[in-house]
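work-v1.cif follows; it contains mmCIF, C-alpha atoms and all ligand atoms.
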```
data_target
loop_
_atom_site.label_atom_id
_atom_site.label_comp_id
_atom_site.auth_asym_id
_atom_site.auth_seq_id
_atom_site.Cartn_x
_atom_site.Cartn_y
_atom_site.Cartn_z
CA GLN A 1 67.58 103.19 98.39
CA SER A 2 68.16 103.46 102.15
CA GLU A 3 71.46 101.60 101.83
CA GLN A 4 72.58 104.17 99.32
CA HIS A 5 71.70 106.89 101.80
CA SER A 6 73.68 105.47 104.68
CA ALA A 7 76.63 104.85 102.38
CA LEU A 8 76.50 108.55 101.49
CA ALA A 9 75.94 109.80 104.99
CA ALA A 10 79.08 108.58 106.71
CA PRO A 11 81.74 110.30 104.59
CA VAL A 12 79.62 113.44 104.42
CA LEU A 13 79.46 113.63 108.20
CA ILE A 14 83.14 112.90 108.70
CA GLU A 15 84.15 115.43 106.09
CA GLN A 16 81.81 118.10 107.35
CA SER A 17 82.03 117.81 111.12
CA PRO A 18 84.82 120.19 112.06
CA SER A 19 87.25 118.32 114.31
CA ASN A 20 88.27 121.50 116.14
CA GLY A 21 84.87 122.04 117.71
CA ALA A 22 83.80 124.72 115.23
CA PRO A 23 80.04 124.53 114.80
CA LEU A 24 78.41 122.10 112.39
CA LEU A 25 75.10 123.91 112.84
CA SER A 26 74.31 127.60 113.35
CA VAL A 27 70.88 128.32 114.77
CA ILE A 28 69.81 131.77 113.55
CA VAL A 29 67.21 133.40 115.77
CA PRO A 30 65.77 136.79 114.78
CA THR A 31 64.62 138.65 117.89
CA PHE A 32 62.65 141.72 118.74
CA ASN A 33 61.68 142.09 122.39
CA GLU A 34 62.22 138.44 123.31
CA ARG A 35 64.20 138.95 126.50
CA GLY A 36 61.95 136.64 128.48
CA ASN A 37 62.49 133.72 126.08
CA LEU A 38 66.24 133.61 125.39
CA TYR A 39 67.38 131.64 128.36
CA GLU A 40 64.79 128.90 127.97
CA LEU A 41 65.44 128.65 124.23
CA VAL A 42 69.17 128.12 124.71
CA ARG A 43 68.50 125.54 127.41
CA ARG A 44 66.22 123.59 125.07
CA LEU A 45 68.62 123.82 122.12
CA ALA A 46 71.43 122.47 124.30
CA ILE A 47 69.35 119.42 125.14
CA GLN A 48 68.51 118.64 121.50
CA LEU A 49 71.98 119.31 120.15
CA GLN A 50 74.10 117.55 122.77
CA GLU A 51 75.88 115.35 120.25
CA ILE A 52 76.99 117.93 117.72
CA ALA A 53 78.96 121.18 117.67
CA TRP A 54 76.49 124.05 117.43
CA GLU A 55 76.03 127.76 118.03
CA VAL A 56 73.06 130.07 118.29
CA ILE A 57 73.19 133.56 116.74
CA PHE A 58 70.60 136.03 117.98
CA VAL A 59 70.01 138.74 115.41
CA ASP A 60 68.42 141.53 117.37
CA ASP A 61 67.05 144.78 115.96
CA ASP A 62 68.01 146.91 118.95
CA SER A 63 65.02 145.74 121.02
CA PRO A 64 64.02 148.28 123.67
CA ASP A 65 63.61 145.48 126.23
CA GLY A 66 67.36 144.80 126.20
CA THR A 67 67.32 141.46 124.39
CA ALA A 68 70.77 142.12 122.90
CA GLU A 69 72.34 142.97 126.28
CA LEU A 70 70.99 139.74 127.70
CA ALA A 71 72.20 137.75 124.68
CA ARG A 72 75.70 139.17 125.11
CA ALA A 73 75.65 138.44 128.83
CA MET A 74 74.69 134.86 128.02
CA ALA A 75 77.42 134.70 125.36
CA ARG A 76 80.05 135.59 127.97
CA ALA A 77 78.98 132.60 130.04
CA ASN A 78 78.25 130.18 127.20
CA PRO A 79 80.46 129.84 124.09
CA HIS A 80 77.52 128.45 122.09
CA VAL A 81 75.83 131.86 122.15
CA ARG A 82 76.51 134.83 119.83
CA CYS A 83 74.71 138.10 119.30
CA LEU A 84 74.43 140.29 116.22
CA GLN A 85 72.78 143.59 117.10
CA ARG A 86 71.53 145.75 114.22
CA LEU A 87 70.98 149.47 114.63
CA GLY A 88 68.28 151.54 112.95
CA ARG A 89 66.83 148.54 111.14
CA ARG A 90 63.74 146.35 111.35
CA GLY A 91 62.85 143.22 109.45
CA LEU A 92 62.51 139.54 110.15
CA SER A 93 63.71 138.34 106.72
CA SER A 94 66.71 140.64 106.52
CA ALA A 95 67.68 139.67 110.08
CA CYS A 96 67.68 136.00 109.06
CA VAL A 97 69.73 136.71 105.94
CA GLU A 98 72.36 138.63 107.89
CA GLY A 99 72.46 135.96 110.57
CA VAL A 100 73.17 133.29 107.97
CA MET A 101 75.77 135.50 106.29
CA SER A 102 77.58 135.81 109.61
CA SER A 103 77.83 132.04 110.02
CA SER A 104 80.47 129.68 108.69
CA ALA A 105 78.82 126.43 109.77
CA PRO A 106 77.88 124.03 106.96
CA TYR A 107 74.26 123.87 108.18
CA VAL A 108 72.00 126.70 109.28
CA LEU A 109 68.64 126.67 111.02
CA ILE A 110 66.20 129.56 111.07
CA MET A 111 63.99 129.55 114.12
CA ASP A 112 61.79 131.99 116.05
CA GLY A 113 62.98 133.14 119.44
CA ASP A 114 59.65 132.82 121.22
CA LEU A 115 59.56 129.03 121.83
CA GLN A 116 56.65 128.54 119.40
CA HIS A 117 58.75 126.27 117.21
CA ASP A 118 59.28 122.71 118.44
CA GLU A 119 63.01 122.14 118.86
CA SER A 120 62.59 118.39 119.27
CA ILE A 121 62.53 117.92 115.48
CA LEU A 122 66.01 119.41 115.04
CA PRO A 123 67.84 116.05 114.98
CA ARG A 124 65.50 114.79 112.25
CA MET A 125 65.99 117.96 110.23
CA LEU A 126 69.75 117.63 110.44
CA GLN A 127 69.58 113.96 109.56
CA ALA A 128 67.58 114.73 106.41
CA LEU A 129 70.28 117.17 105.27
CA VAL A 130 73.34 115.19 106.26
CA SER A 131 72.02 112.05 104.59
CA GLY A 132 71.66 114.00 101.36
CA GLU A 133 67.91 113.40 101.25
CA ALA A 134 67.20 117.14 100.91
CA ASP A 135 68.74 120.61 100.73
CA VAL A 136 66.08 122.14 102.96
CA ALA A 137 64.27 120.53 105.90
CA ILE A 138 61.14 122.44 106.81
CA GLY A 139 59.21 122.37 110.06
CA SER A 140 55.65 122.08 108.77
CA ARG A 141 52.28 122.82 110.35
CA TYR A 142 50.27 121.73 107.33
CA ILE A 143 51.14 118.06 106.90
CA ASP A 144 49.98 115.04 108.88
CA GLY A 145 51.15 115.30 112.46
CA GLY A 146 51.60 119.07 112.25
CA GLY A 147 49.26 121.74 113.55
CA ILE A 148 48.74 125.43 114.18
CA GLY A 149 47.96 125.17 117.89
CA GLN A 150 45.48 127.60 119.38
CA TRP A 151 45.31 130.25 116.72
CA ASP A 152 41.89 131.88 116.51
CA ASP A 153 39.80 131.21 113.39
CA GLY A 154 40.64 134.57 111.89
CA ARG A 155 44.38 134.07 111.98
CA ALA A 156 44.04 130.45 110.81
CA MET A 157 42.00 131.58 107.80
CA ILE A 158 44.44 134.34 106.91
CA SER A 159 47.34 131.90 107.16
CA ARG A 160 45.61 129.40 104.85
CA PHE A 161 44.77 132.13 102.35
CA ALA A 162 48.32 133.47 102.40
CA THR A 163 49.59 129.93 101.84
CA ARG A 164 47.38 129.59 98.75
CA LEU A 165 48.65 132.88 97.40
CA SER A 166 52.24 131.79 97.92
CA HIS A 167 51.73 128.99 95.44
CA LEU A 168 51.91 131.64 92.73
CA VAL A 169 55.66 131.64 93.31
CA VAL A 170 56.54 128.40 95.15
CA PRO A 171 56.00 124.73 94.20
CA PRO A 172 52.47 123.49 94.99
CA ASP A 173 53.70 120.39 96.82
CA LEU A 174 55.29 122.59 99.48
CA LYS A 175 52.60 122.59 102.15
CA ASP A 176 53.96 125.16 104.62
CA PRO A 177 55.89 127.78 102.64
CA MET A 178 55.05 130.38 105.32
CA SER A 179 57.05 128.46 107.91
CA GLY A 180 59.69 130.45 109.71
CA PHE A 181 61.34 127.22 110.90
CA PHE A 182 63.72 125.42 108.56
CA MET A 183 67.24 124.09 108.20
CA MET A 184 69.39 124.12 105.10
CA ARG A 185 72.91 123.74 103.78
CA ARG A 186 74.57 127.13 104.08
CA GLU A 187 76.05 126.80 100.58
CA VAL A 188 72.58 126.37 99.11
CA PHE A 189 71.41 129.47 100.94
CA LEU A 190 74.45 131.40 99.80
CA ALA A 191 73.91 130.44 96.17
CA ARG A 192 70.54 132.25 96.30
CA ALA A 193 71.29 135.00 98.78
CA ARG A 194 71.83 137.67 96.12
CA ALA A 195 68.49 137.00 94.48
CA LEU A 196 66.52 137.32 97.72
CA SER A 197 64.11 140.22 98.14
CA ALA A 198 64.63 140.05 101.94
CA MET A 199 61.44 142.03 102.48
CA GLY A 200 59.01 141.39 105.29
CA PHE A 201 58.46 138.13 107.16
CA LYS A 202 58.45 135.31 104.65
CA ILE A 203 62.01 134.24 104.14
CA LEU A 204 61.17 130.70 103.04
CA VAL A 205 58.79 131.84 100.28
CA ASP A 206 61.52 134.22 99.21
CA LEU A 207 64.10 131.43 99.08
CA PHE A 208 61.95 129.09 97.05
CA ALA A 209 61.04 131.83 94.58
CA SER A 210 64.60 133.10 94.18
CA GLY A 211 66.39 130.56 92.04
CA ARG A 212 66.05 128.73 88.79
CA LYS A 213 66.88 125.27 90.06
CA PRO A 214 64.17 123.74 92.26
CA LEU A 215 65.15 123.18 95.89
CA ARG A 216 65.03 119.61 97.16
CA PHE A 217 63.04 119.73 100.38
CA VAL A 218 61.37 117.58 103.01
CA GLU A 219 58.70 118.73 105.41
CA ILE A 220 58.77 117.48 108.98
CA PRO A 221 55.60 117.94 111.01
CA TYR A 222 55.44 119.87 114.29
CA GLN A 223 52.80 121.50 116.45
CA PHE A 224 53.04 125.29 116.55
CA ARG A 225 53.06 126.22 120.23
CA ASN A 226 51.41 129.14 121.94
CA ARG A 227 53.45 132.13 122.89
CA GLN A 228 54.07 132.35 126.64
CA GLN A 229 56.15 135.53 126.91
CA GLY A 230 56.03 138.77 124.93
CA GLU A 231 53.81 139.31 121.91
CA SER A 232 53.64 138.68 118.16
CA LYS A 233 55.08 141.34 115.86
CA LEU A 234 53.05 140.18 112.89
CA ASP A 235 50.74 143.16 112.38
CA ASN A 236 48.50 144.35 109.56
CA GLN A 237 51.45 145.77 107.74
CA ALA A 238 52.92 142.30 107.47
CA ALA A 239 50.15 141.64 104.95
CA TRP A 240 51.39 144.58 102.89
CA ASP A 241 54.99 143.35 103.11
CA TYR A 242 53.88 139.91 101.97
CA LEU A 243 52.02 141.36 98.99
CA MET A 244 55.11 143.33 98.02
CA LEU A 245 57.25 140.20 98.29
CA LEU A 246 54.92 138.29 95.96
CA LEU A 247 54.84 141.22 93.52
CA ASP A 248 58.61 141.45 93.59
CA LYS A 249 58.91 137.76 92.78
CA LEU A 250 56.31 137.99 89.99
CA VAL A 251 57.24 141.25 88.25
CA GLY A 252 60.29 142.55 90.11
CA HIS A 253 62.53 141.75 87.16
CA LEU A 254 60.49 144.19 85.06
CA LEU A 255 59.66 147.01 87.47
CA PRO A 256 60.74 147.81 91.02
CA VAL A 257 57.87 147.02 93.40
CA ARG A 258 58.33 150.33 95.15
CA PHE A 259 57.49 152.03 91.88
CA ILE A 260 54.35 149.89 91.47
CA ALA A 261 53.26 150.78 94.99
CA PHE A 262 54.09 154.45 94.42
CA ALA A 263 52.12 154.56 91.17
CA GLY A 264 49.14 152.75 92.72
CA ILE A 265 49.06 155.17 95.62
CA GLY A 266 49.39 158.02 93.10
CA ALA A 267 46.25 156.79 91.34
CA LEU A 268 44.49 156.70 94.70
CA GLY A 269 45.70 160.25 95.29
CA LEU A 270 44.07 161.33 92.06
CA ALA A 271 40.76 159.93 93.30
CA VAL A 272 41.21 161.80 96.59
CA HIS A 273 41.94 164.97 94.64
CA LEU A 274 38.79 164.70 92.54
CA LEU A 275 36.61 163.94 95.56
CA ILE A 276 37.92 166.93 97.49
CA LEU A 277 37.68 169.19 94.47
CA GLY A 278 34.11 168.09 93.85
CA ALA A 279 33.15 168.65 97.47
CA LEU A 280 34.73 172.11 97.72
CA PHE A 281 33.72 173.45 94.35
CA LYS A 282 30.25 171.97 93.98
CA SER A 283 29.21 173.09 97.43
CA GLU A 284 30.26 176.55 96.23
CA SER A 285 32.30 177.08 99.34
CA LEU A 286 35.32 178.01 97.17
CA ALA A 287 36.05 179.42 93.72
CA PHE A 288 37.44 176.83 91.28
CA GLN A 289 41.01 178.02 91.52
CA SER A 290 41.15 177.93 95.31
CA ALA A 291 39.31 174.61 95.37
CA GLN A 292 41.80 173.13 92.90
CA ALA A 293 44.74 174.48 94.91
CA SER A 294 43.39 173.07 98.18
CA ALA A 295 42.63 169.72 96.58
CA THR A 296 46.17 169.58 95.16
CA LEU A 297 47.76 170.27 98.54
CA LEU A 298 45.56 167.74 100.31
CA ALA A 299 46.11 165.05 97.66
CA MET A 300 49.87 165.59 97.87
CA SER A 301 49.78 165.30 101.67
CA PHE A 302 47.69 162.15 101.32
CA ASN A 303 50.18 160.64 98.89
CA PHE A 304 53.11 161.54 101.07
CA THR A 305 51.48 160.09 104.18
CA VAL A 306 50.49 156.79 102.58
CA ASN A 307 53.82 156.32 100.82
CA ASN A 308 55.58 157.05 104.08
CA LEU A 309 53.45 154.42 105.84
CA LEU A 310 53.63 151.69 103.19
CA THR A 311 55.97 152.16 100.24
CA TYR A 312 58.79 153.38 102.48
CA ARG A 313 57.76 151.52 105.58
CA ASP A 314 61.38 150.53 106.15
CA ARG A 315 62.61 154.13 105.91
CA ARG A 316 59.64 155.80 107.57
CA LEU A 317 60.11 159.47 108.42
CA GLN A 318 59.03 160.69 111.82
CA GLY A 319 59.04 163.89 113.89
CA PHE A 320 60.89 166.75 112.24
CA GLY A 321 61.96 164.48 109.39
CA TRP A 322 58.29 163.98 108.54
CA TRP A 323 57.76 167.70 107.92
CA ARG A 324 60.97 168.06 105.97
CA GLY A 325 59.93 165.00 103.95
CA LEU A 326 56.51 166.50 103.24
CA ALA A 327 58.13 169.73 102.01
CA SER A 328 60.60 167.96 99.72
CA PHE A 329 57.83 165.66 98.45
CA MET A 330 55.62 168.64 97.55
CA LEU A 331 58.49 170.44 95.86
CA ALA A 332 59.43 167.35 93.81
CA CYS A 333 55.82 166.70 92.82
CA SER A 334 55.28 170.32 91.80
CA ILE A 335 58.20 170.08 89.41
CA GLY A 336 56.78 166.71 88.29
CA ALA A 337 53.47 168.41 87.54
CA ILE A 338 55.21 171.06 85.43
CA ALA A 339 57.06 168.31 83.53
CA ASN A 340 53.77 166.45 83.13
CA VAL A 341 52.02 169.45 81.57
CA GLY A 342 55.06 170.27 79.40
CA ILE A 343 55.37 166.76 77.96
CA ALA A 344 51.61 166.42 77.48
CA SER A 345 51.44 169.75 75.59
CA TYR A 346 54.36 168.71 73.44
CA VAL A 347 52.77 165.38 72.52
CA PHE A 348 49.41 167.03 71.95
CA ASP A 349 50.91 169.60 69.58
CA ALA A 350 52.80 166.89 67.69
CA LYS A 351 50.12 164.17 67.50
CA GLY A 352 46.86 165.93 68.27
CA GLN A 353 45.63 163.07 70.48
CA TRP A 354 44.56 164.22 73.95
CA LEU A 355 44.47 160.79 75.63
CA LEU A 356 47.91 159.80 74.41
CA ALA A 357 49.25 163.21 75.40
CA ALA A 358 47.75 162.97 78.89
CA LEU A 359 49.13 159.46 79.42
CA ALA A 360 52.61 160.48 78.31
CA GLY A 361 52.51 163.42 80.73
CA VAL A 362 51.30 161.25 83.60
CA VAL A 363 53.94 158.56 83.03
CA VAL A 364 56.79 161.05 82.83
CA GLY A 365 55.48 162.91 85.89
CA ALA A 366 55.12 159.68 87.89
CA VAL A 367 58.59 158.43 87.01
CA TRP A 368 60.06 161.82 87.89
CA ASN A 369 58.20 161.97 91.22
CA TYR A 370 59.25 158.45 92.10
CA ALA A 371 62.88 158.89 91.13
CA VAL A 372 63.35 162.23 92.87
CA THR A 373 61.48 161.42 96.09
CA SER A 374 63.23 158.06 96.41
CA VAL A 375 66.50 159.99 96.63
CA TYR A 376 65.60 163.31 98.29
CA THR A 377 62.60 162.45 100.43
CA TRP A 378 63.27 158.87 101.50
CA GLY A 379 66.90 158.50 100.48
CA LYS A 380 69.38 157.22 103.06
N1 LIG A 401 65.46 140.93 114.27
C1 LIG A 401 64.11 140.99 114.16
N2 LIG A 401 63.56 142.08 113.55
N3 LIG A 401 63.36 139.99 114.64
C2 LIG A 401 62.01 140.09 114.52
C3 LIG A 401 61.37 141.19 113.92
C4 LIG A 401 62.21 142.24 113.41
O1 LIG A 401 61.75 143.23 112.86
N4 LIG A 401 60.03 140.98 113.96
C5 LIG A 401 59.86 139.79 114.57
N5 LIG A 401 61.03 139.25 114.93
C6 LIG A 401 61.29 137.96 115.60
C7 LIG A 401 60.48 137.75 116.86
O2 LIG A 401 61.15 138.26 117.99
C8 LIG A 401 60.40 136.23 116.90
O3 LIG A 401 61.56 135.66 117.44
C9 LIG A 401 60.31 135.86 115.43
O4 LIG A 401 60.90 136.94 114.71
C10 LIG A 401 58.86 135.61 114.96
O5 LIG A 401 58.11 136.76 115.23
P1 LIG A 401 56.62 136.68 115.85
O6 LIG A 401 56.17 138.07 116.04
O7 LIG A 401 56.59 135.77 117.02
O8 LIG A 401 55.83 136.06 114.61
P2 LIG A 401 54.63 135.01 114.63
O9 LIG A 401 54.75 134.00 115.71
O10 LIG A 401 53.36 135.78 114.59
O11 LIG A 401 54.87 134.28 113.23
C11 LIG A 401 56.04 133.51 113.03
O12 LIG A 401 55.86 132.14 112.92
C12 LIG A 401 55.12 131.71 111.79
C13 LIG A 401 55.15 130.22 111.75
O13 LIG A 401 56.44 129.71 111.57
C14 LIG A 401 56.78 134.00 111.80
O14 LIG A 401 58.03 133.34 111.71
C15 LIG A 401 55.97 133.70 110.57
O15 LIG A 401 56.71 134.09 109.42
C16 LIG A 401 55.70 132.22 110.50
O16 LIG A 401 54.77 131.95 109.48
MN MN A 402 55.84 133.91 117.32
#
```
Would you mind writing the file's structure down as structure tokens?
Amino acid sequence: QSEQHSALAAPVLIEQSPSNGAPLLSVIVPTFNERGNLYELVRRLAIQLQEIAWEVIFVDDDSPDGTAELARAMARANPHVRCLQRLGRRGLSSACVEGVMSSSAPYVLIMDGDLQHDESILPRMLQALVSGEADVAIGSRYIDGGGIGQWDDGRAMISRFATRLSHLVVPPDLKDPMSGFFMMRREVFLARARALSAMGFKILVDLFASGRKPLRFVEIPYQFRNRQQGESKLDNQAAWDYLMLLLDKLVGHLLPVRFIAFAGIGALGLAVHLLILGALFKSESLAFQSAQASATLLAMSFNFTVNNLLTYRDRRLQGFGWWRGLASFMLACSIGAIANVGIASYVFDAKGQWLLAALAGVVVGAVWNYAVTSVYTWGK
């Protein structure tokens, strides 16, 4: 077996190592406010990658701390360094995808920019790929020899739970699908790139769940280090993004996840409406008509606010745009309500069944609201 491997490895290496010094490996590093870590990261990469041609591509989302300026300054002094600065965008997964798409090296590595990933396993990762043993080599915290470092119990528990959930869409023998540290053949990445959801943080889960053919992988243990400079960007909303990614992988081929989120929030809005209506009307502070009107306005504002925070997190409206968005949302939903009542009345007259009629009205209204607000309220 091992003889077969070494027999394979030599020609592969000779064929794939560019003789003109072009990189064999691109290290893709998504960054947001990592200024204090860049220099040390490049220094450590240079030590591990002495023997091969490599480059590092920082994909920065216009960090306010000037990460991109520093990366470009470093690039002028060091030909291994490149910088891809994105404007008006945020997203760890999409940054990784665009970094890989900007590379022409046969092998790509995704790695955090905050020194938490242990660069000393890079040679072993590359070896596993070049020898043909695997298509993806994953830095793993959840196999023997790996570890999560000094995470508090809360974060450790959440990570384990999220890992369990991921097994809905990735193979169960993959122990650390949440890893943001892995190397793969660029061609293999490319073959799946169009099927990626590229939402949120979990690019590896996305990759494993985005193709029909199983990926051949190995996991290589490492100890997750503590962050020395800057802070984590994984916030509560990352949980929402992760849920949306899983939903997209499970049912995305049937319904867009944004629509599912929009409809769910709409149902919540109905509950808010009824609660407000009950409170205003029952307490006899308002006549029914005024109570219903107030409840409608408040429920619409609630729906707009929550959709703006979650469903359209990536296109979130702020400042003046928020007010304009609220106005267009209310206008669209008012027309949706008219359509809802119209369709429901039509079905009721034709079939005489109130529940069926109501459902038909609600579905048409929801689809209308979603379609119109996705273009006029949150459209680009
Ligand atoms: N371009 C870009 N855009 N980069 C980002 C963004 C963004 O919106 N958000 C975070 N990053 C960069 C950070 O600057 C860092 O280099 C890297 O992505 C990881 O972000 P952290 O905020 O440090 O995440 P973490 O340490 O809590 O979690 C990471 O490591 C885990 C273990 O591998 C993530 O990679 C998790 O997905 C992973 O499970
Ligand atoms: Mn980190």
(message) List as an MDAnalysis selection string the protein and nucleic acid residues near region 341-347 of chain A, meaning an atom at most 7 Å away when only C-alpha atoms are counted, but skip any in the same chain fewer than 4 places from it.
(response) chainID A and resid 337 351 357:358 360:361
Determine, for each residue of chain A having at least one atom at most 6 Å from an atom of ligand LIG 401 (chain A), the closest pair of atoms and their separation in Å to one decimal, counting all atoms listed in the file; order by chain and ascending number, as CSV.
```
residue,atom,partner,partner_atom,distance
A:Pro30,CA,A:LIG401,N3,4.0
A:Thr31,CA,A:LIG401,O2,3.5
A:Phe32,CA,A:LIG401,O2,3.8
A:Asn33,CA,A:LIG401,O2,5.9
A:Glu34,CA,A:LIG401,O2,5.4
A:Val59,CA,A:LIG401,N1,5.2
A:Asp60,CA,A:LIG401,N1,4.3
A:Asp61,CA,A:LIG401,N1,4.5
A:Arg90,CA,A:LIG401,O1,4.0
A:Gly91,CA,A:LIG401,O1,3.6
A:Leu92,CA,A:LIG401,C4,4.2
A:Ala95,CA,A:LIG401,N1,4.9
A:Asp112,CA,A:LIG401,O3,3.9
A:Gly113,CA,A:LIG401,O3,3.5
A:Asp114,CA,A:LIG401,O3,5.1
A:Met178,CA,A:LIG401,O16,4.5
A:Ser179,CA,A:LIG401,O13,3.9
A:Gly180,CA,A:LIG401,O13,3.8
A:Phe181,CA,A:LIG401,O13,5.5
A:Phe201,CA,A:LIG401,O15,4.9
A:Lys202,CA,A:LIG401,O15,5.2
A:Ser232,CA,A:LIG401,O6,3.4
A:Lys233,CA,A:LIG401,O6,3.5
A:Leu234,CA,A:LIG401,O10,4.7
```
(request) Quote the spacing between CA of Val130 (chain A) and CA of Asp144 (chain A) in Å to one decimal place. (result)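 Interatomic distance here is 23.5 Å.
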(request) Enter the distance from CA of Val364 (chain A) to CA of Leu310 (chain A), in Å, rounded to one decimal. (result) 22.6 Å
(request) For each of A:Gly99, A:Gly352, A:Pro214, A:Gly200, take the minimum atom-to-atom distance to Leu245 (chain A), counting only C-alpha atoms, then give the residue where this is smallest. (result)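 The shortest atom-to-atom distance to Leu245 (chain A) comes from A:Gly200.
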(message) With distances taken over all atoms listed in the file, which residue among A:Arg155, A:Arg89, A:Arg225, A:Arg258 lies nearest ligand MN 402 (chain A)?
(response) A:Arg225
(message) Using all atoms listed in the file, which protein or nucleic acid residues come within 12 Å of Arg124 (chain A)? Drop anything in the same chain fewer than 6 positions from it, and give the result as a PyMOL selection string.
(response) chain A and resi 48-49+118+130-131+133-134+136-139+182-183+218-222
(request) State, in Å with one decimal place, the distance from CA of Gln223 (chain A) to CA of Gly146 (chain A). (result) 5.0 Å
(message) With only C-alpha atoms as the counted atoms, please give the residues lying no more than 9 Å from Glu119 (chain A), apart from itself and same-chain residues fewer than 2 positions off, as a ChimeraX atom specification.
(response) /A:41,44-45,48,111,115,117,121-123
(request) Point out the residue among A:Ile203, A:Ala239, A:Val29, A:Met300 with the least atom-to-atom distance to ligand MN 402 (chain A), counting all atoms listed in the file. (result) A:Val29
(message) Given only C-alpha atoms as the basis, pick out the residue of A:Ser120, A:Leu204, A:Leu196, A:Gln228 nearest to Gly36 (chain A).
(response) A:Gln228
Just need region 173-228 of chain A in a file, please: C-alpha atoms, as a PDB file, in the first residue's frame.
```pdb
ATOM      1  CA  ASP A 173     -16.993   9.772  10.341  1.00  0.00           C
ATOM      2  CA  LEU A 174     -15.909  13.376   9.836  1.00  0.00           C
ATOM      3  CA  LYS A 175     -15.104  14.411  13.396  1.00  0.00           C
ATOM      4  CA  ASP A 176     -14.458  18.146  12.991  1.00  0.00           C
ATOM      5  CA  PRO A 177     -16.695  19.427  10.185  1.00  0.00           C
ATOM      6  CA  MET A 178     -16.774  22.869  11.844  1.00  0.00           C
ATOM      7  CA  SER A 179     -13.042  23.284  11.307  1.00  0.00           C
ATOM      8  CA  GLY A 180     -12.007  26.439   9.516  1.00  0.00           C
ATOM      9  CA  PHE A 181      -8.569  24.939   8.819  1.00  0.00           C
ATOM     10  CA  PHE A 182      -8.164  22.619   5.840  1.00  0.00           C
ATOM     11  CA  MET A 183      -6.246  22.074   2.627  1.00  0.00           C
ATOM     12  CA  MET A 184      -7.569  20.710  -0.628  1.00  0.00           C
ATOM     13  CA  ARG A 185      -6.897  20.337  -4.324  1.00  0.00           C
ATOM     14  CA  ARG A 186      -8.138  23.495  -5.993  1.00  0.00           C
ATOM     15  CA  GLU A 187      -9.781  21.479  -8.783  1.00  0.00           C
ATOM     16  CA  VAL A 188     -11.858  19.580  -6.240  1.00  0.00           C
ATOM     17  CA  PHE A 189     -12.950  22.854  -4.673  1.00  0.00           C
ATOM     18  CA  LEU A 190     -13.763  24.302  -8.075  1.00  0.00           C
ATOM     19  CA  ALA A 191     -15.875  21.307  -9.035  1.00  0.00           C
ATOM     20  CA  ARG A 192     -18.196  22.125  -6.105  1.00  0.00           C
ATOM     21  CA  ALA A 193     -17.891  25.887  -5.973  1.00  0.00           C
ATOM     22  CA  ARG A 194     -21.154  26.528  -7.822  1.00  0.00           C
ATOM     23  CA  ALA A 195     -23.151  24.364  -5.444  1.00  0.00           C
ATOM     24  CA  LEU A 196     -21.883  26.126  -2.321  1.00  0.00           C
ATOM     25  CA  SER A 197     -24.295  28.164  -0.221  1.00  0.00           C
ATOM     26  CA  ALA A 198     -21.380  30.371   0.929  1.00  0.00           C
ATOM     27  CA  MET A 199     -23.448  31.601   3.859  1.00  0.00           C
ATOM     28  CA  GLY A 200     -22.047  32.263   7.300  1.00  0.00           C
ATOM     29  CA  PHE A 201     -18.962  30.704   8.869  1.00  0.00           C
ATOM     30  CA  LYS A 202     -18.966  27.010   8.067  1.00  0.00           C
ATOM     31  CA  ILE A 203     -17.290  26.596   4.738  1.00  0.00           C
ATOM     32  CA  LEU A 204     -16.191  23.001   5.339  1.00  0.00           C
ATOM     33  CA  VAL A 205     -19.705  21.793   6.209  1.00  0.00           C
ATOM     34  CA  ASP A 206     -20.858  23.581   3.085  1.00  0.00           C
ATOM     35  CA  LEU A 207     -18.241  21.826   0.948  1.00  0.00           C
ATOM     36  CA  PHE A 208     -19.025  18.368   2.237  1.00  0.00           C
ATOM     37  CA  ALA A 209     -22.760  18.883   1.767  1.00  0.00           C
ATOM     38  CA  SER A 210     -22.450  20.355  -1.722  1.00  0.00           C
ATOM     39  CA  GLY A 211     -21.677  17.466  -4.019  1.00  0.00           C
ATOM     40  CA  ARG A 212     -22.917  14.051  -4.923  1.00  0.00           C
ATOM     41  CA  LYS A 213     -19.595  12.258  -4.835  1.00  0.00           C
ATOM     42  CA  PRO A 214     -18.180  11.803  -1.324  1.00  0.00           C
ATOM     43  CA  LEU A 215     -14.962  13.699  -0.621  1.00  0.00           C
ATOM     44  CA  ARG A 216     -11.933  11.627   0.336  1.00  0.00           C
ATOM     45  CA  PHE A 217     -10.552  13.213   3.481  1.00  0.00           C
ATOM     46  CA  VAL A 218      -8.060  12.746   6.301  1.00  0.00           C
ATOM     47  CA  GLU A 219      -8.140  14.523   9.621  1.00  0.00           C
ATOM     48  CA  ILE A 220      -4.890  15.661  11.176  1.00  0.00           C
ATOM     49  CA  PRO A 221      -4.992  16.584  14.857  1.00  0.00           C
ATOM     50  CA  TYR A 222      -3.977  19.987  16.214  1.00  0.00           C
ATOM     51  CA  GLN A 223      -4.508  22.008  19.366  1.00  0.00           C
ATOM     52  CA  PHE A 224      -6.680  25.084  18.863  1.00  0.00           C
ATOM     53  CA  ARG A 225      -4.704  27.984  20.323  1.00  0.00           C
ATOM     54  CA  ASN A 226      -5.964  30.944  22.281  1.00  0.00           C
ATOM     55  CA  ARG A 227      -6.361  34.252  20.582  1.00  0.00           C
ATOM     56  CA  GLN A 228      -3.674  36.763  21.591  1.00  0.00           C
TER      57      GLN A 228
END
```
